[in-house]
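Contents: one structure, followed by commentary.
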Amino acid sequence: MAEVTVESGRLPAEGVRRMFDRIAPVYDLMNRVMTAGLDRRWRRTTVRHVVRPGDRVLDACCGTGDLAVEARRQGAGEVTGLDFSERMLERARRKDPGVEWVRGDLLALPFEDASFDVATVGFGVRNVEDLEAALRELRRVLRPGGRLGILEITTPRGALAPFYRLWFDSVIPRLGRLLPGGAAYTYLPASVRRFPAPEELAALLGEDGFGKVRFRCFAGGIVALHVGEAR
């Protein structure tokens with residue numbers, strides 16, 4: 001059995017929840033710092049790929065709500081943001097009271113089958129204990145033909161790989177030690193290293209109820225966007 005520690009990038013669900021509660025006050029700031037502000041552009045692109053005007057949208061593992069808010073901004077109808085960290089949701093509620101913010105678990109979504117036209121997950125799916133169970137749960141709450149968008153950090157293989165290792169494995173953890181919940185920024189690079197490569201995640205999506213699966217990478221392969229349709 002894989003070791004369960006911050007350094008291994010594996011934590012039980014309650015450990016992940018406590019970690020995100022602690023870093024909630026600095027979460028948005030660190031996202032901007034870690035991505036040089038590009039995370040906002042990636043979220044806009046995610047929404048453009050999967051959301052259509054009037055859609056009912058679920059943003060799971062919504063964190064402080066940026067992706068859910070962007071879906072509303074781009075014309076989604078009803079938007080629900082779900083996260084299991086109450087401290088994250090407190091910040092999300094301040095950004096857009098028009099979103100329905102729900103505390104809940106991606107592995108046991110509190111919604112009926114085929115409830116949504118679209119489901120998104122931005123930088124959160126690698127934190128679940130059972131990835132395939134999470135994908136099946138997202139499929140369950142989507143109507144047939146509904147669209148899924150998963151935006152996640154990945155490990156580049158090309159020219160940016162040495163820079164990536166320096167930035168995520170050295171600079172970010174050291175910076176994180178200066179902030180509340182700094183262990184999260186040791187967990188971050190470790191959780192990315194153990195997460196499936198883009199091709200592997202695409203295959204899992206195909207096995208867990210999604211068709212027309214495709215992905216594209218951004219910033220030299222540091223981030224990948226996977227999209228698919230519920231079969």
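In the structure tokens, each chain is lettered A, B, ... as it comes, each chain's residues begin at 1, and ligands are numbered from 1 in order of appearance.
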
* Write down as a VMD selection string the residues of stretch 77-216 of chain A whose backbone DSSP state falls under alpha helix (DSSP H). => chain A and resid 86 to 95 131 to 141 161 to 166 172 to 176 184 to 194 198 to 207

File dump, residues just selected, N, CA and C atoms, as a short mmCIF file (atom, residue, chain, number, x, y, z; two decimals), in the first residue's frame:
```cif
data_model
loop_
_atom_site.label_atom_id
_atom_site.label_comp_id
_atom_site.auth_asym_id
_atom_site.auth_seq_id
_atom_site.Cartn_x
_atom_site.Cartn_y
_atom_site.Cartn_z
N GLU A 86 -15.24 24.03 4.15
CA GLU A 86 -16.12 25.16 4.47
C GLU A 86 -15.37 26.48 4.40
N ARG A 87 -14.09 26.49 4.74
CA ARG A 87 -13.31 27.74 4.68
C ARG A 87 -13.16 28.20 3.23
N MET A 88 -13.01 27.28 2.31
CA MET A 88 -12.96 27.64 0.89
C MET A 88 -14.30 28.20 0.44
N LEU A 89 -15.39 27.54 0.83
CA LEU A 89 -16.71 27.99 0.42
C LEU A 89 -17.05 29.37 0.99
N GLU A 90 -16.56 29.68 2.16
CA GLU A 90 -16.80 31.02 2.72
C GLU A 90 -16.29 32.09 1.76
N ARG A 91 -15.14 31.87 1.18
CA ARG A 91 -14.57 32.84 0.23
C ARG A 91 -15.30 32.81 -1.10
N ALA A 92 -15.73 31.62 -1.52
CA ALA A 92 -16.48 31.52 -2.77
C ALA A 92 -17.79 32.30 -2.68
N ARG A 93 -18.48 32.20 -1.56
CA ARG A 93 -19.78 32.88 -1.42
C ARG A 93 -19.65 34.39 -1.58
N ARG A 94 -18.52 34.94 -1.18
CA ARG A 94 -18.33 36.38 -1.31
C ARG A 94 -18.17 36.82 -2.76
N LYS A 95 -17.72 35.90 -3.61
CA LYS A 95 -17.45 36.26 -5.01
C LYS A 95 -18.71 36.33 -5.85
N LEU A 131 -9.86 8.07 -7.73
CA LEU A 131 -10.08 8.85 -8.94
C LEU A 131 -11.18 8.26 -9.81
N GLU A 132 -11.14 6.94 -10.03
CA GLU A 132 -12.13 6.34 -10.91
C GLU A 132 -13.54 6.44 -10.32
N ALA A 133 -13.66 6.31 -9.00
CA ALA A 133 -14.97 6.49 -8.37
C ALA A 133 -15.47 7.93 -8.57
N ALA A 134 -14.55 8.89 -8.52
CA ALA A 134 -14.93 10.28 -8.75
C ALA A 134 -15.41 10.48 -10.18
N LEU A 135 -14.73 9.89 -11.15
CA LEU A 135 -15.15 10.02 -12.54
C LEU A 135 -16.52 9.38 -12.76
N ARG A 136 -16.76 8.25 -12.13
CA ARG A 136 -18.07 7.60 -12.27
C ARG A 136 -19.16 8.45 -11.63
N GLU A 137 -18.86 9.10 -10.55
CA GLU A 137 -19.84 9.95 -9.89
C GLU A 137 -20.15 11.18 -10.74
N LEU A 138 -19.14 11.77 -11.37
CA LEU A 138 -19.38 12.88 -12.29
C LEU A 138 -20.25 12.42 -13.46
N ARG A 139 -19.96 11.23 -13.98
CA ARG A 139 -20.80 10.70 -15.06
C ARG A 139 -22.24 10.51 -14.59
N ARG A 140 -22.43 10.05 -13.39
CA ARG A 140 -23.78 9.77 -12.89
C ARG A 140 -24.65 11.02 -12.89
N VAL A 141 -24.10 12.16 -12.48
CA VAL A 141 -24.93 13.36 -12.34
C VAL A 141 -25.06 14.13 -13.65
N ALA A 161 10.61 20.87 -18.56
CA ALA A 161 10.67 19.94 -17.44
C ALA A 161 11.67 20.34 -16.36
N PRO A 162 12.92 20.75 -16.69
CA PRO A 162 13.85 21.15 -15.62
C PRO A 162 13.36 22.37 -14.84
N PHE A 163 12.80 23.36 -15.55
CA PHE A 163 12.27 24.53 -14.86
C PHE A 163 11.11 24.14 -13.95
N TYR A 164 10.24 23.27 -14.46
CA TYR A 164 9.09 22.81 -13.68
C TYR A 164 9.56 22.17 -12.37
N ARG A 165 10.56 21.29 -12.47
CA ARG A 165 11.04 20.60 -11.26
C ARG A 165 11.60 21.61 -10.26
N LEU A 166 12.35 22.59 -10.74
CA LEU A 166 12.90 23.61 -9.84
C LEU A 166 11.78 24.41 -9.19
N ILE A 172 8.27 26.48 -4.76
CA ILE A 172 6.92 26.53 -4.19
C ILE A 172 6.87 25.98 -2.76
N PRO A 173 7.47 24.80 -2.46
CA PRO A 173 7.44 24.34 -1.07
C PRO A 173 8.12 25.31 -0.12
N ARG A 174 9.23 25.93 -0.53
CA ARG A 174 9.91 26.88 0.35
C ARG A 174 9.07 28.12 0.58
N LEU A 175 8.43 28.61 -0.47
CA LEU A 175 7.54 29.75 -0.31
C LEU A 175 6.36 29.39 0.58
N GLY A 176 5.84 28.17 0.40
CA GLY A 176 4.71 27.74 1.20
C GLY A 176 4.98 27.70 2.68
N ALA A 184 0.87 22.20 2.63
CA ALA A 184 0.11 21.97 1.40
C ALA A 184 0.99 22.14 0.17
N TYR A 185 2.01 22.98 0.28
CA TYR A 185 2.85 23.26 -0.89
C TYR A 185 4.03 22.30 -1.00
N THR A 186 4.12 21.36 -0.06
CA THR A 186 4.92 20.15 -0.24
C THR A 186 4.04 19.06 -0.85
N TYR A 187 2.80 19.00 -0.38
CA TYR A 187 1.84 18.02 -0.91
C TYR A 187 1.57 18.27 -2.40
N LEU A 188 1.49 19.53 -2.82
CA LEU A 188 1.13 19.86 -4.20
C LEU A 188 2.01 19.17 -5.24
N PRO A 189 3.34 19.38 -5.24
CA PRO A 189 4.14 18.72 -6.27
C PRO A 189 4.11 17.20 -6.16
N ALA A 190 4.03 16.69 -4.93
CA ALA A 190 3.98 15.23 -4.76
C ALA A 190 2.69 14.66 -5.34
N SER A 191 1.58 15.37 -5.15
CA SER A 191 0.30 14.89 -5.68
C SER A 191 0.28 14.93 -7.20
N VAL A 192 0.97 15.91 -7.79
CA VAL A 192 1.05 15.98 -9.25
C VAL A 192 1.87 14.82 -9.80
N ARG A 193 2.97 14.50 -9.13
CA ARG A 193 3.84 13.42 -9.61
C ARG A 193 3.12 12.08 -9.65
N ARG A 194 2.22 11.82 -8.70
CA ARG A 194 1.55 10.53 -8.65
C ARG A 194 0.28 10.49 -9.51
N PRO A 198 -1.56 12.77 -18.93
CA PRO A 198 -2.76 13.12 -19.72
C PRO A 198 -3.32 11.96 -20.53
N GLU A 199 -2.47 11.16 -21.16
CA GLU A 199 -2.96 10.03 -21.94
C GLU A 199 -3.65 9.00 -21.06
N GLU A 200 -3.11 8.79 -19.86
CA GLU A 200 -3.70 7.82 -18.94
C GLU A 200 -5.05 8.31 -18.42
N LEU A 201 -5.14 9.61 -18.10
CA LEU A 201 -6.42 10.15 -17.63
C LEU A 201 -7.46 10.07 -18.74
N ALA A 202 -7.07 10.35 -19.97
CA ALA A 202 -8.01 10.23 -21.09
C ALA A 202 -8.54 8.80 -21.20
N ALA A 203 -7.66 7.81 -21.02
CA ALA A 203 -8.09 6.41 -21.08
C ALA A 203 -9.06 6.08 -19.94
N LEU A 204 -8.78 6.59 -18.74
CA LEU A 204 -9.69 6.35 -17.61
C LEU A 204 -11.07 6.95 -17.88
N LEU A 205 -11.10 8.15 -18.45
CA LEU A 205 -12.38 8.77 -18.76
C LEU A 205 -13.17 7.89 -19.73
N GLY A 206 -12.48 7.32 -20.71
CA GLY A 206 -13.14 6.43 -21.65
C GLY A 206 -13.69 5.19 -20.98
N GLU A 207 -12.99 4.69 -19.97
CA GLU A 207 -13.42 3.49 -19.26
C GLU A 207 -14.57 3.77 -18.29
#
```

* Asked: If we count only C-alpha atoms, what is near stretch 222-227 of chain A at a cut-off of 6 Å, once residues fewer than 5 positions away on the same chain are taken out, given as a PyMOL selection string?
  -> chain A and resi 148-156+213-217

* Give me, please, the distance in Å between atom CA of A:Ala36 and atom CA of A:Asp169, quoted to one decimal. =>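 One can read the atom CA of A:Ala36 to atom CA of A:Asp169 distance as 16.6 Å.
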
* To do: Enter the distance from atom CA of A:Gly228 to atom CA of A:Glu78, in Å, rounded to one decimal.
  => 20.5 Å

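Comparing A:Phe210, A:Trp101, A:Phe168, A:Phe84 by their smallest distance to A:Arg143, the closest is A:Phe210 (using only C-alpha atoms).
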
* Shell of 6 Å around stretch 48-65 of chain A, only C-alpha atoms, local chain residues under 2 positions omitted, as a list in words ->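 Result of the neighbour search: Thr45, Thr46, Leu67, Ala68, Gly75, Ala76, Gly77, Glu78, Val79, Thr80, Gly81, Leu82, Asp83, Met88, Leu89, Arg91, Ala92, Phe116, Asp117, Val118, Ala119, Thr120, Val121, Gly124 and Arg147 of chain A.
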
* Asked: Quick one, how far is atom CA of A:Asp105 from atom CA of A:Glu229?
  ->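 Atom-to-atom, atom CA of A:Asp105 and atom CA of A:Glu229 are spaced 22.0 Å apart.
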
* To do: Name the residues of stretch 7-230 of chain A that fall into strand (DSSP E or B) according to DSSP on the backbone, using the chain letters and numbers of this document, as a PyMOL selection string.
  => chain A and resi 57-60+79-83+100-103+105+108+116-122+142-153+210-218+223-230

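Between A:Trp167 and the candidates A:Thr35, A:Leu142, A:Phe111, A:Arg126, the tightest atom-to-atom separation, counting only C-alpha atoms, involves A:Thr35.
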